[in-house]
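Report on the following structure.
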Amino acid sequence: MPVSGRCVFLINALRIGSVRISVGHVLAASLLLLSAPRIASAQERGVRGVVRHDSSGAPLARVTVSVDGIPQSVLTDSTGRFAIMRLPRGTLVVRARRVGFTAAEQPVSIRDGQIAEVELRLVPSSVTLDAVRTTAAVSERERFDGAPATASTTISANVLTALPAVGEPDVLRVAQLLPGVVARNDFTTGLNVRGGEQDQNLVLLDGIPLFQPFHLGGVFGTFIESAVGGLRLHAGAPPVEFGTRLSSVLEVSSSRDARRGVHGEVQTSLLASTLALSGADASTRRSWNVAVRRTYADQIASALADRELPYAFLDGHAHFSWARASGGTFTFTAYHGRDRLREDFMQREDTLRLDSPYALDWGNDAAGITWTQPLGTATSFVQRASVSRFVSQQDEGAGTSVAKNDVREWRASGLLRSEHGSHLLGVGYEVAQHDVMYREGSPQLATTFEWRVQRPVSAVLLADDTWKLGSSFVLRPGVRFERLSGAGWSGISPRIAARWFTTSNTALTATIGRTTQWLHALREEEDALRFFDRWVMADSTVPVASATQGALEFEHWLSPRRFLRIEVFAKHYGALVERNPLDARDVRGDEFRPITGKSRGFDVLLRQVETGAVSGWLAYTFSHNTRTDGVSTWRPAQDRRHTVNAVGTWRTRNGTVLSGRLGFGSGIPYTGLETQLVRRIADPRANRWDRGVVERDVQGVGGERNAAMLPSVVRLDLSVQRTLVRGRLNFTPVLGVINATNRRNVYAYRFDYRQAPAIRESLSQLPIIPTLGVTVGW
């Protein structure tokens with residue numbers, strides 16, 4: 001079949017309106033397109049080869065290979081092989097580098113019509129035991145030299161461990177310190193990215209979606225630090241392989257231990273205790289890690305007092321990786337997390353004169369398998385299958401009112417990439433079965449208030465092309481063809497990115513793209529604190545949300561370890577959904593109301609990467625956000641105009657690590673109270689009305705939506721830790737202080753209009769909190 005015929009076949013396969021698409025159809029179309037014969041040019045010239053471990057001779061994967069004077073680098077595949085084509089004639093120097101190894105270089109002679117062969121060997125550098133944790137996340141320089149994208153930031157595991165933390169290291173709180181991200185207050189690890197809502201972020205653990213990775217209403221993240229290898233945040237329009245969310249993608253990768261045998265660590269903090277075990281076989285091609293964490297405050301409270309602490313959580317994380325000798329890698333990742341809350345928040349009797357505590361249970365479960373396979377030196381594919389679940393149940397006491405939300409997703413996806421001359425072509429698919437159930441009722445009254453069951457199927461076909469136009473310009477157009485059954489919806493989400501290297505260390509990048517979202521959280525975004533969200537799928541009554549966003553970025557590397565990035569962004573929400581305050585229980589389809597919105601601003605990031613004693617970053621974000629329902633316009637609760645985060649780490653020669661974070665945020669809007677009404681309640685047993693003196697009978701009357709402003713916030717966090725080696729054991733005590741200046745940052749106001757004049761009371765965020773922890777590793 002000629003190439004044009006293969007293109008027609010693929011385009012026909014992408015018409016998914018009423019055609020049922022199977023995985024086999026997609027892979028067949030992909031292989032037909034990418035297997036087009038490649039005509040070699042007489043002028044083709046380049047270099048290819050393999051990178052090996054110096055002592056064992058084993059091939060090394062994910063080694064960065066570059067050629068001096070060429071603004072391009074590649075990563076070796078799982079067999080250690082690489083290829084860089086279209087090089088200029090002459091003698092060039094090929095360099096290979098990877099964390100944990102001494103860089104290697106070798107001169108090669110490049111001639112017309114020839115491809116030079118080279119073998120590079122890397123010698124392990126002297127590192128401590130803590131430094132053997134590897135990660136699949138690419139470095140910042142590799143990001144800069146790679147495919148064009150804007151607002152992408154990578155954080156390694158070493159950074160996560162070193163920074164000050166509330167209790168213990170938290171992946172999500174570190175993400176809050178990156179440019180473009182707003183943290184509304186100290187009591188949430190939720191991410192508001194470039195003006196977006198918190199449910200608009202796609203959180204992936206090794207490519208597996210997690211719906212709500214938070215503990216205790218968002219105060220803590222669910223990721224176990226010792227099991228995480230790094231993170232990468234896409235704050236703008238992401239590449240086409242990512243979708244189903246409007247604002248951002250947070251990729252969290254599992255750590256991989258390259259040490260032979262069994263190793264482990266025990267970590268204890270004021271919040272919880274963690275046990276982590278990891279290791280690799282003799283060939284280091286098979287590695288594994290498992291970690292378990294549990295809060296123990298409830299156990300201590302019950303041992304010291306009659307009254308128990310009503311809250312506890314449990315996390316588990318497991319990862320297995322197998323790099324096959326013949327090439328290719330299999331990985332398996334699983335996660336389990338649960339929260340449990342039991343408490344009498346009010347003293348009352350229900351209709352059956354029973355007294356029972358308020359109960360909340362919620363959590364995530366996820367598991368997935370990934371197969372990465374190179375097909376020669378120019379082609380590779382990734383196939384993934386996963387299942388994710390989020391479940392929550394709320395009981396207000398003895399079954400007086402019970403609500404349950406169960407969200408499950410079975411997903412299969414694949415991506416095939418192949419290099420053809422100056423083009424790196426990619427095609428892929430994503431198919432998911434969604435099961436969403438929400439039920440609310442009163443078992444005591446044998447009554448169901450609402451029962452919603454949704455079982456749609458989503459299907460996505462995607463394609464992109466990373467096209468190198470000479471040595472200084474890279475273009476990356478892409479498109480997603482999307483369809484959601486149940487809603488009867490289909491759409492096209494085009495995306496394009498372009499990067500122009502003005503020099504080898506300076507580049508201008510522009511992106512624009514459309515994103516869509518069909519899973520929504522029925523939430524009150526303006527609530528300062530909430531335990532969990534209720535999730536629903538788009539259907540005939542709930543629309544699919546969409547956004548169009550663009551960005552223009554300037555990036556300059558001041559030195560091999562320091563870069564400056566400035567980015568201007570704009571986002572338009574063509575369709576958003578918001579909880580309807582006039583929702584009637586007996587009417588189906590009025591739970592949401594449609595709104596639109598805009599976000600615009602700019603980010604500045606000055607960063608020193610983690611290759612020396614001193615590292616950190618200075619991030620500034622300005623954003624202006626609005627929402628409108630066609631009648632009125634308001635600022636959303638996450639509209640913080642100015643956000644500054646200064647983060648620094650100093651690693652001394654004796655093993656001491658000093659770190660700090662200074663954050664500033666201008667005020668965010670809120671809806672103030674104009675007055676209060678006293679609601680009188682009839683008491684049929686006493687045949688009278690109450691006198692309105694009970695606090696819960698007082699109802700506030702709000703003013704204009706989000707017209708008032710909270711004051712600005714400032715917080716300084718400090719931390720010091722040092723690793724002591726005693727035989728085969730590592731002891732790392734950590735001492736820190738949160739809000740070192742004890743500044744009273746306001747997160748909400750409480751009003752009392754029963755006094756004259758009315759009283760306004762400030763509710764503060766975290767006070768000064770000393771933190772103490774210790775990690776013992778072996």
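Please note that chains go A, B, ... in the order of the structure tokens, that every chain numbers its residues from 1, and that ligands are numbered from 1 in the order shown.
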
Using only C-alpha atoms, which protein or nucleic acid residues come within 8 Å of Ala646 in chain A? Drop anything in the same chain fewer than 2 positions from it, and give the result as an mmCIF file with all heavy atoms, in the first residue's frame.
```cif
data_model
loop_
_atom_site.group_PDB
_atom_site.id
_atom_site.type_symbol
_atom_site.label_atom_id
_atom_site.label_comp_id
_atom_site.auth_asym_id
_atom_site.auth_seq_id
_atom_site.Cartn_x
_atom_site.Cartn_y
_atom_site.Cartn_z
ATOM 1 N N GLY A 616 18.053 25.612 43.932
ATOM 2 C CA GLY A 616 16.787 26.213 44.310
ATOM 3 C C GLY A 616 16.190 27.008 43.178
ATOM 4 O O GLY A 616 16.658 26.954 42.029
ATOM 5 N N TRP A 617 15.162 27.782 43.492
ATOM 6 C CA TRP A 617 14.528 28.594 42.458
ATOM 7 C C TRP A 617 13.793 29.776 43.085
ATOM 8 O O TRP A 617 13.457 29.780 44.268
ATOM 9 C CB TRP A 617 13.566 27.765 41.614
ATOM 10 C CG TRP A 617 12.378 27.205 42.339
ATOM 11 C CD1 TRP A 617 11.167 27.815 42.568
ATOM 12 C CD2 TRP A 617 12.259 25.898 42.911
ATOM 13 N NE1 TRP A 617 10.310 26.986 43.237
ATOM 14 C CE2 TRP A 617 10.947 25.797 43.466
ATOM 15 C CE3 TRP A 617 13.120 24.798 43.013
ATOM 16 C CZ2 TRP A 617 10.505 24.644 44.107
ATOM 17 C CZ3 TRP A 617 12.666 23.654 43.651
ATOM 18 C CH2 TRP A 617 11.375 23.593 44.187
ATOM 19 N N LEU A 618 13.584 30.771 42.239
ATOM 20 C CA LEU A 618 12.765 31.935 42.565
ATOM 21 C C LEU A 618 11.658 31.991 41.525
ATOM 22 O O LEU A 618 11.937 32.107 40.326
ATOM 23 C CB LEU A 618 13.596 33.214 42.541
ATOM 24 C CG LEU A 618 12.829 34.531 42.758
ATOM 25 C CD1 LEU A 618 12.211 34.575 44.154
ATOM 26 C CD2 LEU A 618 13.738 35.738 42.534
ATOM 27 N N ALA A 619 10.420 31.885 41.984
ATOM 28 C CA ALA A 619 9.277 31.841 41.077
ATOM 29 C C ALA A 619 8.309 32.969 41.401
ATOM 30 O O ALA A 619 7.981 33.198 42.573
ATOM 31 C CB ALA A 619 8.558 30.493 41.184
ATOM 32 N N VAL A 644 4.797 34.691 45.055
ATOM 33 C CA VAL A 644 6.259 34.613 45.017
ATOM 34 C C VAL A 644 6.699 33.463 45.910
ATOM 35 O O VAL A 644 6.232 33.338 47.050
ATOM 36 C CB VAL A 644 6.926 35.921 45.494
ATOM 37 C CG1 VAL A 644 8.449 35.807 45.396
ATOM 38 C CG2 VAL A 644 6.435 37.106 44.672
ATOM 39 N N GLY A 648 15.423 27.397 48.469
ATOM 40 C CA GLY A 648 16.857 27.167 48.387
ATOM 41 C C GLY A 648 17.324 25.992 49.226
ATOM 42 O O GLY A 648 16.739 25.697 50.276
ATOM 43 N N ARG A 661 12.270 28.039 52.573
ATOM 44 C CA ARG A 661 11.288 28.524 51.611
ATOM 45 C C ARG A 661 10.622 29.772 52.168
ATOM 46 O O ARG A 661 10.147 29.779 53.311
ATOM 47 C CB ARG A 661 10.246 27.450 51.332
ATOM 48 C CG ARG A 661 9.052 27.937 50.508
ATOM 49 C CD ARG A 661 7.804 28.131 51.344
ATOM 50 N NE ARG A 661 6.690 28.629 50.539
ATOM 51 C CZ ARG A 661 5.448 28.762 51.012
ATOM 52 N NH1 ARG A 661 5.164 28.425 52.253
ATOM 53 N NH2 ARG A 661 4.503 29.247 50.244
ATOM 54 N N LEU A 662 10.633 30.850 51.383
ATOM 55 C CA LEU A 662 9.949 32.079 51.744
ATOM 56 C C LEU A 662 8.871 32.327 50.704
ATOM 57 O O LEU A 662 9.163 32.441 49.514
ATOM 58 C CB LEU A 662 10.922 33.261 51.793
ATOM 59 C CG LEU A 662 10.296 34.634 52.060
ATOM 60 C CD1 LEU A 662 9.620 34.662 53.432
ATOM 61 C CD2 LEU A 662 11.347 35.739 51.951
ATOM 62 N N GLY A 663 7.627 32.390 51.151
ATOM 63 C CA GLY A 663 6.514 32.565 50.237
ATOM 64 C C GLY A 663 5.709 33.808 50.541
ATOM 65 O O GLY A 663 5.531 34.186 51.711
#
```

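Nearest residue to His215 in chain A among A:Leu250, A:Ala385, A:Ala312, A:Ala459 is A:Ala312, counting only C-alpha atoms.
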
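The space between CA of Leu360 in chain A and CA of Leu341 in chain A spans 5.0 Å.
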
Item to check | range 106-108 of chain A surroundings by only C-alpha atoms, 12 Å radius, close-in-sequence under 2 positions cut, as a PyMOL selection string | outcome: chain A and resi 45-49+51+65-68+87-96+103-104+110-111+114-122

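Interatomic distance, CA of Ser152 in chain A against CA of Thr509 in chain A: 11.6 Å.
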
Checklist entry - Quick one: DSSP helix (DSSP H, G or I) residues in range 206-260 of chain A, as a PyMOL selection string? => result chain A and resi 216-218+225-227

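Nearest-residue note for Tyr747 in chain A: choosing from A:Asp465, A:Glu610, A:Glu140, A:Glu526, the minimum distance belongs to A:Glu526, counting only C-alpha atoms.
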
Next on the checklist: Could you go through range 520-638 of chain A and tell me which residues DSSP, when run on the backbone, assigns to strand (DSSP E or B), listing them as a PyMOL selection string?
Outcome noted: chain A and resi 520-522+534-537+545-559+562-579+592-608+614-628+633-634
